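Data file: my_file.txt. Format and content: compact mmCIF, C-alpha atoms.
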```txt
# COMPACT_ATOMS: atom_id res chain seq x y z
CA MET Q 1 -73.22 -29.00 78.42
CA SER Q 2 -74.13 -25.69 76.88
CA ASN Q 3 -76.63 -23.18 78.16
CA PRO Q 4 -77.77 -25.19 81.20
CA ASP Q 5 -80.66 -24.07 83.32
CA ASN Q 6 -78.43 -23.59 86.36
CA SER Q 7 -81.28 -23.31 88.83
CA LYS Q 8 -82.36 -26.86 88.01
CA LEU Q 9 -79.32 -28.59 86.58
CA ASP Q 10 -76.81 -27.65 89.28
CA ARG Q 11 -79.09 -29.09 91.94
CA PHE Q 12 -78.95 -32.50 90.21
CA LYS Q 13 -75.26 -32.51 89.27
CA LEU Q 14 -73.41 -35.25 91.15
CA GLU Q 15 -69.96 -34.60 92.63
CA THR Q 16 -68.01 -37.31 90.87
CA SER Q 17 -64.59 -38.93 90.53
CA PHE Q 18 -63.63 -41.63 88.03
CA ALA Q 19 -61.24 -44.45 88.93
CA ASN Q 20 -60.57 -48.13 88.14
CA GLY Q 21 -63.46 -48.40 85.70
CA GLY Q 22 -65.96 -47.21 88.30
CA VAL Q 23 -67.42 -43.94 89.46
CA THR Q 24 -67.66 -42.50 92.97
CA HIS Q 25 -70.16 -39.84 94.02
CA THR Q 26 -69.70 -37.73 97.14
CA THR Q 27 -72.68 -36.37 99.04
CA TYR Q 28 -72.75 -34.59 102.38
CA THR Q 29 -74.66 -35.05 105.59
CA THR Q 30 -74.45 -33.75 109.17
CA ASP Q 31 -73.49 -35.47 112.42
CA ILE Q 32 -74.90 -33.44 115.30
CA ALA Q 33 -73.65 -35.89 117.95
CA ALA Q 34 -70.07 -35.46 116.73
CA GLY Q 35 -70.48 -31.74 116.14
CA GLN Q 36 -69.80 -32.10 112.43
CA ARG Q 37 -71.98 -30.04 110.14
CA ARG Q 38 -70.62 -31.36 106.81
CA VAL Q 39 -69.69 -35.03 106.65
CA PRO Q 40 -68.76 -36.50 103.24
CA VAL Q 41 -70.40 -39.79 102.25
CA GLN Q 42 -69.01 -41.66 99.26
CA THR Q 43 -70.84 -44.18 97.09
CA THR Q 44 -69.02 -46.16 94.40
CA TRP Q 45 -70.83 -47.60 91.39
CA SER Q 46 -69.42 -50.24 89.02
CA ASP Q 47 -70.67 -51.33 85.61
CA LYS Q 48 -72.49 -54.69 85.48
CA LYS Q 49 -73.63 -54.91 81.87
CA THR Q 50 -74.87 -52.93 78.89
CA LEU Q 51 -78.65 -52.74 78.81
CA GLY Q 52 -79.04 -51.23 75.39
CA SER Q 53 -77.56 -48.96 72.78
CA GLY Q 54 -78.79 -46.43 70.28
CA GLY Q 55 -77.82 -43.58 68.03
CA PHE Q 56 -76.92 -41.25 70.90
CA GLY Q 57 -75.13 -43.59 73.30
CA VAL Q 58 -75.45 -46.65 75.49
CA VAL Q 59 -77.30 -47.48 78.70
CA ILE Q 60 -75.40 -49.33 81.40
CA LEU Q 61 -76.62 -51.16 84.48
CA GLN Q 62 -74.54 -50.13 87.50
CA GLU Q 63 -74.39 -51.60 91.01
CA ALA Q 64 -73.32 -50.12 94.34
CA ALA Q 65 -72.63 -51.76 97.71
CA GLY Q 66 -75.69 -53.45 99.14
CA GLY Q 67 -76.92 -54.54 95.72
CA HIS Q 68 -78.38 -51.15 94.78
CA LEU Q 69 -78.94 -50.81 91.04
CA ARG Q 70 -79.37 -47.91 88.67
CA ALA Q 71 -79.39 -47.34 84.91
CA VAL Q 72 -76.99 -44.81 83.45
CA LYS Q 73 -77.30 -43.35 79.98
CA LYS Q 74 -73.84 -42.59 78.59
CA ILE Q 75 -73.87 -39.99 75.82
CA TYR Q 76 -70.87 -39.05 73.73
CA THR Q 77 -70.44 -35.28 73.49
CA GLY Q 78 -66.80 -35.09 72.43
CA THR Q 79 -67.61 -33.70 68.98
CA GLY Q 80 -69.57 -30.84 70.52
CA LYS Q 81 -72.41 -31.46 68.06
CA MET Q 82 -74.87 -32.83 70.59
CA ASP Q 83 -76.32 -30.69 73.38
CA PHE Q 84 -78.02 -32.83 76.02
CA SER Q 85 -78.72 -30.05 78.49
CA ARG Q 86 -82.29 -30.05 77.19
CA GLU Q 87 -82.86 -33.70 78.09
CA VAL Q 88 -81.40 -33.25 81.57
CA SER Q 89 -83.34 -30.03 82.04
CA VAL Q 90 -86.67 -31.70 81.24
CA MET Q 91 -85.92 -34.59 83.60
CA ALA Q 92 -85.07 -32.09 86.34
CA LYS Q 93 -88.31 -30.17 85.74
CA VAL Q 94 -90.46 -33.29 86.23
CA ALA Q 95 -88.30 -35.01 88.88
CA HIS Q 96 -90.99 -34.37 91.51
CA ARG Q 97 -93.41 -36.62 89.56
CA ASP Q 98 -91.57 -39.92 89.72
CA ASP Q 99 -94.95 -41.63 89.77
CA LEU Q 100 -95.36 -40.60 86.11
CA PHE Q 101 -91.81 -40.36 84.79
CA VAL Q 102 -88.68 -42.46 85.15
CA LYS Q 103 -86.97 -41.33 88.34
CA PHE Q 104 -84.06 -38.96 87.70
CA LEU Q 105 -81.13 -39.58 90.05
CA GLY Q 106 -78.75 -36.94 88.77
CA TRP Q 107 -76.13 -36.34 86.10
CA TYR Q 108 -72.38 -36.05 85.82
CA ALA Q 109 -69.85 -35.59 83.04
CA ASN Q 110 -66.26 -35.89 81.96
CA THR Q 111 -64.40 -34.51 78.94
CA ASP Q 112 -66.17 -36.67 76.35
CA PHE Q 113 -69.37 -37.97 77.91
CA VAL Q 114 -72.47 -36.91 79.79
CA PHE Q 115 -73.96 -39.53 82.13
CA ILE Q 116 -77.65 -39.47 83.13
CA ALA Q 117 -78.46 -41.64 86.14
CA MET Q 118 -81.96 -43.09 86.48
CA GLU Q 119 -83.77 -45.72 88.46
CA TYR Q 120 -83.56 -49.23 87.05
CA ILE Q 121 -86.76 -51.10 86.18
CA GLU Q 122 -86.60 -54.85 85.78
CA TYR Q 123 -89.90 -55.30 83.96
CA GLY Q 124 -88.85 -53.65 80.72
CA ASP Q 125 -91.11 -51.61 78.47
CA LEU Q 126 -94.41 -51.96 76.64
CA THR Q 127 -92.68 -53.63 73.72
CA HIS Q 128 -91.93 -56.63 75.96
CA TYR Q 129 -95.45 -56.43 77.39
CA LEU Q 130 -97.03 -56.73 73.95
CA LYS Q 131 -94.61 -59.41 72.83
CA ASN Q 132 -95.21 -61.60 75.88
CA SER Q 133 -98.91 -60.95 76.48
CA GLY Q 134 -100.47 -59.80 73.23
CA PRO Q 135 -103.26 -57.19 73.35
CA CYS Q 136 -103.88 -56.18 76.94
CA SER Q 137 -107.07 -56.29 78.95
CA ALA Q 138 -109.46 -53.38 79.00
CA LYS Q 139 -108.57 -52.47 82.58
CA ASN Q 140 -104.86 -52.48 81.85
CA ALA Q 141 -105.31 -50.50 78.65
CA GLN Q 142 -107.40 -47.92 80.52
CA ALA Q 143 -104.94 -47.69 83.42
CA ILE Q 144 -101.98 -47.29 81.08
CA THR Q 145 -103.81 -44.66 79.03
CA ARG Q 146 -104.82 -42.67 82.12
CA GLN Q 147 -101.27 -42.68 83.46
CA LEU Q 148 -99.80 -41.63 80.10
CA LEU Q 149 -102.35 -38.84 79.78
CA GLU Q 150 -101.48 -37.61 83.27
CA GLY Q 151 -97.82 -37.58 82.27
CA LEU Q 152 -98.47 -35.78 78.98
CA ALA Q 153 -100.74 -33.26 80.69
CA THR Q 154 -97.91 -32.52 83.14
CA LEU Q 155 -95.42 -32.03 80.31
CA HIS Q 156 -97.79 -29.96 78.20
CA GLU Q 157 -98.60 -27.63 81.09
CA LEU Q 158 -94.86 -26.90 81.14
CA ASN Q 159 -94.99 -26.30 77.36
CA ILE Q 160 -92.87 -29.42 76.85
CA SER Q 161 -93.58 -31.86 74.04
CA HIS Q 162 -92.17 -35.36 74.44
CA ARG Q 163 -92.06 -35.98 70.67
CA ASP Q 164 -91.31 -39.69 70.88
CA ILE Q 165 -94.18 -41.49 72.60
CA LYS Q 166 -93.99 -45.18 71.65
CA PRO Q 167 -93.98 -48.55 73.49
CA GLN Q 168 -90.18 -48.57 73.90
CA ASN Q 169 -90.40 -45.32 75.87
CA VAL Q 170 -93.12 -46.48 78.26
CA LEU Q 171 -91.70 -48.54 81.11
CA ILE Q 172 -93.47 -51.11 83.29
CA ALA Q 173 -92.75 -49.93 86.84
CA PHE Q 174 -94.97 -52.64 88.30
CA PRO Q 175 -97.05 -55.34 86.55
CA ASP Q 176 -100.07 -55.82 88.81
CA PRO Q 177 -101.69 -53.44 89.34
CA ILE Q 178 -100.23 -52.10 86.12
CA TRP Q 179 -98.10 -48.98 86.58
CA VAL Q 180 -96.16 -47.33 83.79
CA LYS Q 181 -93.73 -44.44 83.52
CA ILE Q 182 -92.74 -42.24 80.60
CA ALA Q 183 -89.04 -42.36 79.70
CA ASP Q 184 -86.65 -40.99 77.08
CA PHE Q 185 -86.62 -37.22 77.00
CA GLY Q 186 -83.89 -37.13 74.36
CA LEU Q 187 -86.24 -35.65 71.77
CA SER Q 188 -88.36 -33.58 74.13
CA LYS Q 189 -88.42 -29.84 73.68
CA ARG Q 190 -89.87 -26.82 75.40
CA ALA Q 191 -91.89 -24.69 73.02
CA LYS Q 192 -91.53 -20.96 72.67
CA GLY Q 193 -95.12 -19.94 73.19
CA THR Q 194 -97.14 -22.98 72.16
CA MET Q 195 -95.48 -23.97 68.88
CA LEU Q 196 -92.54 -26.19 67.92
CA HIS Q 197 -90.52 -26.37 64.73
CA THR Q 198 -88.15 -29.38 64.49
CA ARG Q 199 -89.86 -32.40 62.95
CA LEU Q 200 -89.05 -35.53 64.94
CA GLY Q 201 -90.77 -38.77 65.88
CA SER Q 202 -90.70 -42.56 65.38
CA HIS Q 203 -92.14 -44.50 62.46
CA GLY Q 204 -95.55 -45.92 63.27
CA TYR Q 205 -96.31 -43.22 65.84
CA VAL Q 206 -95.35 -40.01 64.07
CA ALA Q 207 -98.12 -37.46 63.54
CA PRO Q 208 -99.16 -36.81 59.91
CA GLU Q 209 -98.30 -33.10 60.11
CA LEU Q 210 -94.65 -34.06 60.66
CA ILE Q 211 -94.39 -36.02 57.41
CA GLY Q 212 -96.43 -33.84 55.07
CA LEU Q 213 -99.58 -35.96 54.91
CA LEU Q 214 -102.13 -33.30 55.88
CA PRO Q 215 -104.28 -31.30 53.47
CA ARG Q 216 -102.84 -27.88 52.72
CA ARG Q 217 -105.45 -26.17 54.90
CA TYR Q 218 -104.02 -27.93 57.97
CA MET Q 219 -100.33 -27.66 57.10
CA THR Q 220 -98.07 -25.27 58.99
CA TYR Q 221 -94.37 -24.83 59.57
CA ASN Q 222 -95.07 -24.93 63.30
CA TYR Q 223 -96.62 -27.77 65.23
CA SER Q 224 -97.87 -28.25 68.77
CA ASN Q 225 -98.17 -30.76 71.61
CA ALA Q 226 -100.87 -32.40 69.49
CA VAL Q 227 -98.11 -34.58 67.99
CA ASP Q 228 -97.93 -36.40 71.34
CA MET Q 229 -101.66 -37.05 71.25
CA TRP Q 230 -101.50 -38.68 67.82
CA ALA Q 231 -98.62 -40.88 69.01
CA LEU Q 232 -100.62 -41.81 72.11
CA GLY Q 233 -103.58 -42.77 69.93
CA CYS Q 234 -101.35 -45.10 67.90
CA LEU Q 235 -99.98 -46.64 71.10
CA VAL Q 236 -103.43 -47.17 72.64
CA HIS Q 237 -104.64 -48.76 69.38
CA GLU Q 238 -101.69 -51.14 69.64
CA LEU Q 239 -102.48 -51.96 73.27
CA LEU Q 240 -106.04 -52.87 72.33
CA THR Q 241 -105.40 -54.79 69.11
CA GLY Q 242 -101.70 -55.64 69.01
CA GLN Q 243 -101.32 -53.47 65.90
CA ILE Q 244 -100.72 -49.82 65.15
CA PRO Q 245 -103.46 -48.11 63.12
CA PHE Q 246 -102.99 -47.67 59.37
CA ARG Q 247 -100.47 -50.50 59.48
CA GLU Q 248 -98.80 -51.81 56.35
CA ILE Q 249 -98.70 -55.56 56.99
CA GLU Q 250 -96.04 -57.57 55.20
CA TYR Q 251 -96.27 -61.29 55.88
CA GLU Q 252 -93.23 -63.51 55.66
CA ALA Q 253 -93.45 -67.00 54.15
CA ASP Q 254 -93.90 -68.47 57.64
CA GLY Q 255 -96.56 -65.96 58.56
CA THR Q 256 -94.27 -63.85 60.75
CA THR Q 257 -95.29 -60.18 60.97
CA GLU Q 258 -94.22 -58.59 64.27
CA PHE Q 259 -91.09 -60.48 65.29
CA ASP Q 260 -88.23 -61.81 63.23
CA HIS Q 261 -88.62 -65.59 62.83
CA GLY Q 262 -88.77 -66.35 66.53
CA SER Q 263 -85.52 -64.54 67.28
CA GLY Q 264 -87.28 -62.11 69.58
CA GLU Q 265 -86.00 -59.13 67.61
CA LEU Q 266 -88.72 -56.55 67.14
CA ILE Q 267 -89.44 -55.46 63.59
CA VAL Q 268 -90.52 -51.81 63.71
CA PRO Q 269 -94.12 -51.61 62.48
CA GLN Q 270 -94.50 -49.69 59.25
CA THR Q 271 -97.29 -47.24 58.53
CA ASP Q 272 -99.24 -47.36 55.28
CA MET Q 273 -98.68 -43.72 54.28
CA PHE Q 274 -101.31 -43.89 51.55
CA ALA Q 275 -103.92 -45.00 54.10
CA VAL Q 276 -102.97 -42.20 56.49
CA LYS Q 277 -103.07 -39.61 53.71
CA SER Q 278 -106.43 -40.88 52.49
CA PHE Q 279 -107.84 -40.61 56.01
CA CYS Q 280 -106.38 -37.15 56.61
CA HIS Q 281 -107.78 -35.89 53.30
CA GLY Q 282 -111.26 -37.19 54.14
CA LYS Q 283 -111.24 -39.87 51.43
CA SER Q 284 -111.59 -42.77 53.88
CA GLU Q 285 -113.25 -43.30 57.24
CA PHE Q 286 -111.50 -43.86 60.55
CA PRO Q 287 -110.38 -47.53 60.44
CA THR Q 288 -112.42 -49.55 62.90
CA ASP Q 289 -112.37 -53.06 61.41
CA ILE Q 290 -109.40 -54.31 63.45
CA LEU Q 291 -110.75 -52.65 66.59
CA ARG Q 292 -114.12 -54.38 66.26
CA GLN Q 293 -112.52 -57.71 65.36
CA SER Q 294 -110.58 -57.36 68.61
CA LEU Q 295 -113.84 -56.78 70.55
CA VAL Q 296 -112.85 -53.25 71.49
CA SER Q 297 -115.72 -51.36 73.10
CA GLU Q 298 -117.48 -48.48 71.34
CA THR Q 299 -116.40 -46.06 74.07
CA ALA Q 300 -112.77 -47.00 73.43
CA ILE Q 301 -113.24 -46.49 69.70
CA GLU Q 302 -114.83 -43.10 70.32
CA PHE Q 303 -111.88 -42.18 72.53
CA LEU Q 304 -109.44 -43.02 69.74
CA LYS Q 305 -111.49 -40.95 67.32
CA THR Q 306 -110.95 -37.87 69.49
CA ILE Q 307 -107.15 -38.06 69.32
CA LEU Q 308 -106.45 -39.74 65.97
CA VAL Q 309 -107.77 -36.66 64.22
CA ALA Q 310 -106.22 -35.22 61.06
CA ASN Q 311 -106.45 -31.56 62.08
CA PRO Q 312 -104.01 -31.06 64.99
CA GLU Q 313 -106.15 -28.23 66.34
CA SER Q 314 -109.12 -30.58 66.65
CA ARG Q 315 -107.34 -33.32 68.61
CA ALA Q 316 -108.28 -33.64 72.24
CA ALA Q 317 -105.69 -32.23 74.64
CA ALA Q 318 -104.22 -34.53 77.28
CA LYS Q 319 -106.01 -32.91 80.19
CA GLY Q 320 -109.37 -32.97 78.41
CA ALA Q 321 -108.94 -36.56 77.23
CA LEU Q 322 -108.74 -37.71 80.85
CA GLY Q 323 -112.48 -37.02 81.01
CA SER Q 324 -113.28 -39.52 78.28
CA ALA Q 325 -116.13 -41.92 79.02
CA TRP Q 326 -113.85 -44.85 78.23
CA LEU Q 327 -111.48 -43.92 81.02
CA VAL Q 328 -114.17 -44.18 83.68
CA PRO Q 329 -113.44 -47.52 85.44
CA GLU Q 330 -117.13 -48.46 85.59
CA GLU Q 331 -117.20 -48.66 81.79
CA VAL Q 332 -115.53 -52.08 81.92
CA PRO Q 333 -118.08 -54.96 82.19
CA GLU Q 334 -116.56 -57.65 84.37
CA ARG Q 335 -118.41 -60.51 82.63
CA ASP Q 336 -116.64 -60.13 79.26
CA LYS Q 337 -113.29 -61.80 78.83
CA CYS Q 338 -110.38 -61.16 76.50
CA LEU Q 339 -106.62 -61.42 76.26
CA GLY Q 340 -104.39 -59.64 78.68
CA ASN Q 341 -102.56 -61.81 81.18
CA LEU Q 342 -99.23 -60.29 82.14
CA SER Q 343 -96.39 -62.68 81.47
CA PHE Q 344 -93.13 -61.03 82.33
CA ASN Q 345 -90.91 -63.92 83.33
CA ALA Q 346 -89.74 -64.55 79.78
CA GLY Q 347 -89.13 -60.88 79.19
CA ARG Q 348 -87.14 -59.99 82.29
CA GLN Q 349 -83.89 -61.28 80.88
CA ASN Q 350 -84.20 -58.91 77.92
CA SER Q 351 -85.68 -55.90 79.63
CA GLY Q 352 -84.07 -52.73 78.44
CA MET Q 353 -83.38 -49.44 79.96
CA ALA Q 354 -85.01 -46.22 80.60
CA THR Q 355 -84.32 -43.43 78.21
CA GLY Q 356 -83.08 -42.51 74.85
CA PRO Q 357 -83.35 -44.09 71.47
CA VAL Q 358 -82.16 -46.88 73.67
CA ASP Q 359 -84.34 -49.59 75.22
CA SER Q 360 -85.80 -48.94 78.61
CA VAL Q 361 -85.61 -50.02 82.38
CA ILE Q 362 -85.78 -48.98 86.17
CA ASP Q 363 -85.08 -49.89 89.98
CA GLN Q 364 -86.22 -51.65 93.09
CA GLY Q 365 -87.11 -48.69 95.31
CA LEU Q 366 -90.54 -47.99 93.87
CA PRO Q 367 -92.39 -44.82 94.91
CA ARG Q 368 -96.10 -44.51 95.48
CA LEU Q 369 -98.62 -45.97 93.08
CA PRO Q 370 -100.40 -43.38 90.95
CA VAL Q 371 -103.91 -42.42 91.96
CA GLY Q 372 -106.64 -44.42 90.26
CA VAL Q 373 -104.59 -47.51 89.39
CA GLU Q 374 -106.67 -50.66 89.70
CA SER Q 375 -105.79 -54.32 89.89
CA SER Q 376 -105.73 -55.91 86.43
CA SER Q 377 -108.55 -58.13 85.16
CA ARG Q 378 -109.68 -59.46 81.84
CA SER Q 379 -112.64 -57.80 80.17
CA ARG Q 380 -114.00 -56.25 77.04
CA ARG Q 381 -111.69 -53.50 75.83
```
Whole structure given in structure tokens:
Amino acid sequence: MSNPDNSKLDRFKLETSFANGGVTHTTYTTDIAAGQRRVPVQTTWSDKKTLGSGGFGVVILQEAAGGHLRAVKKIYTGTGKMDFSREVSVMAKVAHRDDLFVKFLGWYANTDFVFIAMEYIEYGDLTHYLKNSGPCSAKNAQAITRQLLEGLATLHELNISHRDIKPQNVLIAFPDPIWVKIADFGLSKRAKGTMLHTRLGSHGYVAPELIGLLPRRYMTYNYSNAVDMWALGCLVHELLTGQIPFREIEYEADGTTEFDHGSGELIVPQTDMFAVKSFCHGKSEFPTDILRQSLVSETAIEFLKTILVANPESRAAAKGALGSAWLVPEEVPERDKCLGNLSFNAGRQNSGMATGPVDSVIDQGLPRLPVGVESSSRSRR
């Protein structure tokens, strides 16, 4: 790994040996009774199965004695073209907030690969949530949004942009009360000053400034953390309606839109670029038809209007958005009912893993619940 931030990375590097298809880490403790100040303790992990794969590597479920599980992202670096010190560095910087981010357990490497160890989460990601449950309840949507905003505010205060907020990168740490964590820091980057340059993101959630859809007066070579806010707006819209905004819907003969003919394979939602461009150029209004058909509350719609804004400089920042009227728990009337039951049993078998362009997951030793998380209920969104 090139140019590591030694003050952070070295602290998380695991002393490691490879043998017989497994990996052994050595840590040290003290034994005062025996008068030993440095006692080695070895833990051996073996591969159980592959959880997912992507353009940058694979994610493997590993098990140690006692049934302890973890997810390990294995990244090929033999060509020397990929530098993953940035991803590890970001995870190290936010390791103290494992209530908001997938828990970082350390990293190790050999000649050809870097391995990033993380907690394993059995409940999968928001993709499975939406597939199994449909649009979520108002309370769950609010709780998820608050937690994601807290995570983004933490990153942005460190001048770090995630750059790939989407359902696959939001993991369900616990279903009820709903608790989510942000994963996949493979595309994250620390800005020099407040601006970024490389244009990255995922279709359906990518900000218009990254794909040349803004009017010339808004266009710039640089971009800011506002790209995360646009992506969050798309994700929240999907939580509330089951669809991304500005969606280009292509129906199959059998009426299938989201998933491939009952196979369970997710078809990546496509954005109607003409609709986005029309909105960004002021030729069309903010699309509210689907939101109102889904009985989404006016305060939720107003919240989305503050972050799905064409001009990046006018989008609400993460910290400020936490003060939105929609995110006040009392805004949810208990008498109104809507979709939102959590149904994870069918999805557990296919839950993915935590980071990367890879599917997501996490572990059994769950830390504290984030402040403000409420038990789920069904209500007007």
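In this structure, CA of Leu232 in chain Q sits 24.6 Å away from CA of Phe84 in chain Q.
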Distance of CA of Ile244 in chain Q from CA of Met91 in chain Q, expressed in Å to one decimal place: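 According to the coordinates, CA of Met91 in chain Q and CA of Ile244 in chain Q are separated by 28.1 Å.
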Selected residue, from Q:Ile116, Q:Leu235, Q:Leu171, Q:Val90, that lies nearest to Gln62 in chain Q when counting all atoms listed in the file: Q:Ile116
Could you please give me, as a PDB file with C-alpha atoms, in the frame of the given file, the residues of protein, DNA or RNA lying at most 10 Å from (-94.7, -53.6, 90.6) in the coordinate frame of the file, considering only C-alpha atoms?
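This went into result-v1.pdb:
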```pdb
ATOM      1  CA  ILE Q 121     -86.760 -51.100  86.180  1.00  0.00           C
ATOM      2  CA  GLU Q 122     -86.600 -54.850  85.780  1.00  0.00           C
ATOM      3  CA  TYR Q 123     -89.900 -55.300  83.960  1.00  0.00           C
ATOM      4  CA  ILE Q 172     -93.470 -51.110  83.290  1.00  0.00           C
ATOM      5  CA  ALA Q 173     -92.750 -49.930  86.840  1.00  0.00           C
ATOM      6  CA  PHE Q 174     -94.970 -52.640  88.300  1.00  0.00           C
ATOM      7  CA  PRO Q 175     -97.050 -55.340  86.550  1.00  0.00           C
ATOM      8  CA  ASP Q 176    -100.070 -55.820  88.810  1.00  0.00           C
ATOM      9  CA  PRO Q 177    -101.690 -53.440  89.340  1.00  0.00           C
ATOM     10  CA  ILE Q 178    -100.230 -52.100  86.120  1.00  0.00           C
ATOM     11  CA  TRP Q 179     -98.100 -48.980  86.580  1.00  0.00           C
ATOM     12  CA  VAL Q 180     -96.160 -47.330  83.790  1.00  0.00           C
ATOM     13  CA  GLN Q 364     -86.220 -51.650  93.090  1.00  0.00           C
ATOM     14  CA  LEU Q 366     -90.540 -47.990  93.870  1.00  0.00           C
ATOM     15  CA  LEU Q 369     -98.620 -45.970  93.080  1.00  0.00           C
TER      16      LEU Q 369
END
```
Counting all atoms listed in the file, the option among Q:Leu152, Q:Leu100, Q:Leu239, Q:Ala310 closest to Lys139 in chain Q: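 Under the stated criterion, the closest residue is Q:Leu239.
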Surrounding residues of Phe303 in chain Q excluding itself and chain neighbours under 2 positions, 12 Å, only C-alpha atoms, as a PyMOL selection string: chain Q and resi 142+145-146+229-230+232-234+236-237+296-301+305-309+315-318+320-328+381
Residue with smallest distance to Asp184 in chain Q - pool Q:Lys93, Q:Lys319, Q:His162, Q:Lys49, counting all atoms listed in the file: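 Comparing Q:Lys93, Q:Lys319, Q:His162, Q:Lys49 against Asp184 in chain Q, the winner is Q:His162.
CA of Ala153 in chain Q is found 26.4 Å from CA of Thr271 in chain Q.
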Selected residue of minimal separation from Ala183 in chain Q among Q:Trp107, Q:Asn140, Q:Phe101, Q:Thr127, counting all atoms listed in the file: Q:Phe101
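Across Q:Lys48, Q:Arg216, Q:Lys8, Q:Arg70, the tightest approach to Met118 in chain Q is made by Q:Arg70 when counting only C-alpha atoms.
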Top pick for closest residue to Asp112 in chain Q, considering Q:Lys283, Q:Arg247, Q:Arg37, Q:Lys74 and counting all atoms listed in the file: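 Of Q:Lys283, Q:Arg247, Q:Arg37, Q:Lys74, the one nearest Asp112 in chain Q, counting all atoms listed in the file, is Q:Lys74.
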Report, as lines of an AutoDock Vina configuration file, the centre and edge lengths in Å (one decimal) of the axis-aligned box enclosing every listed atom of range 120-123 of chain Q, padded by 4 Å on each side.
```
center_x = -86.7
center_y = -52.3
center_z = 85.5
size_x = 14.3
size_y = 14.1
size_z = 11.1
```
Neighbour list for Pro312 in chain Q as an MDAnalysis selection string, cut-off 9 Å, all atoms listed in the file, skip fewer than 6 positions in-chain: chainID Q and resid 207 209 218 223:227 229:230
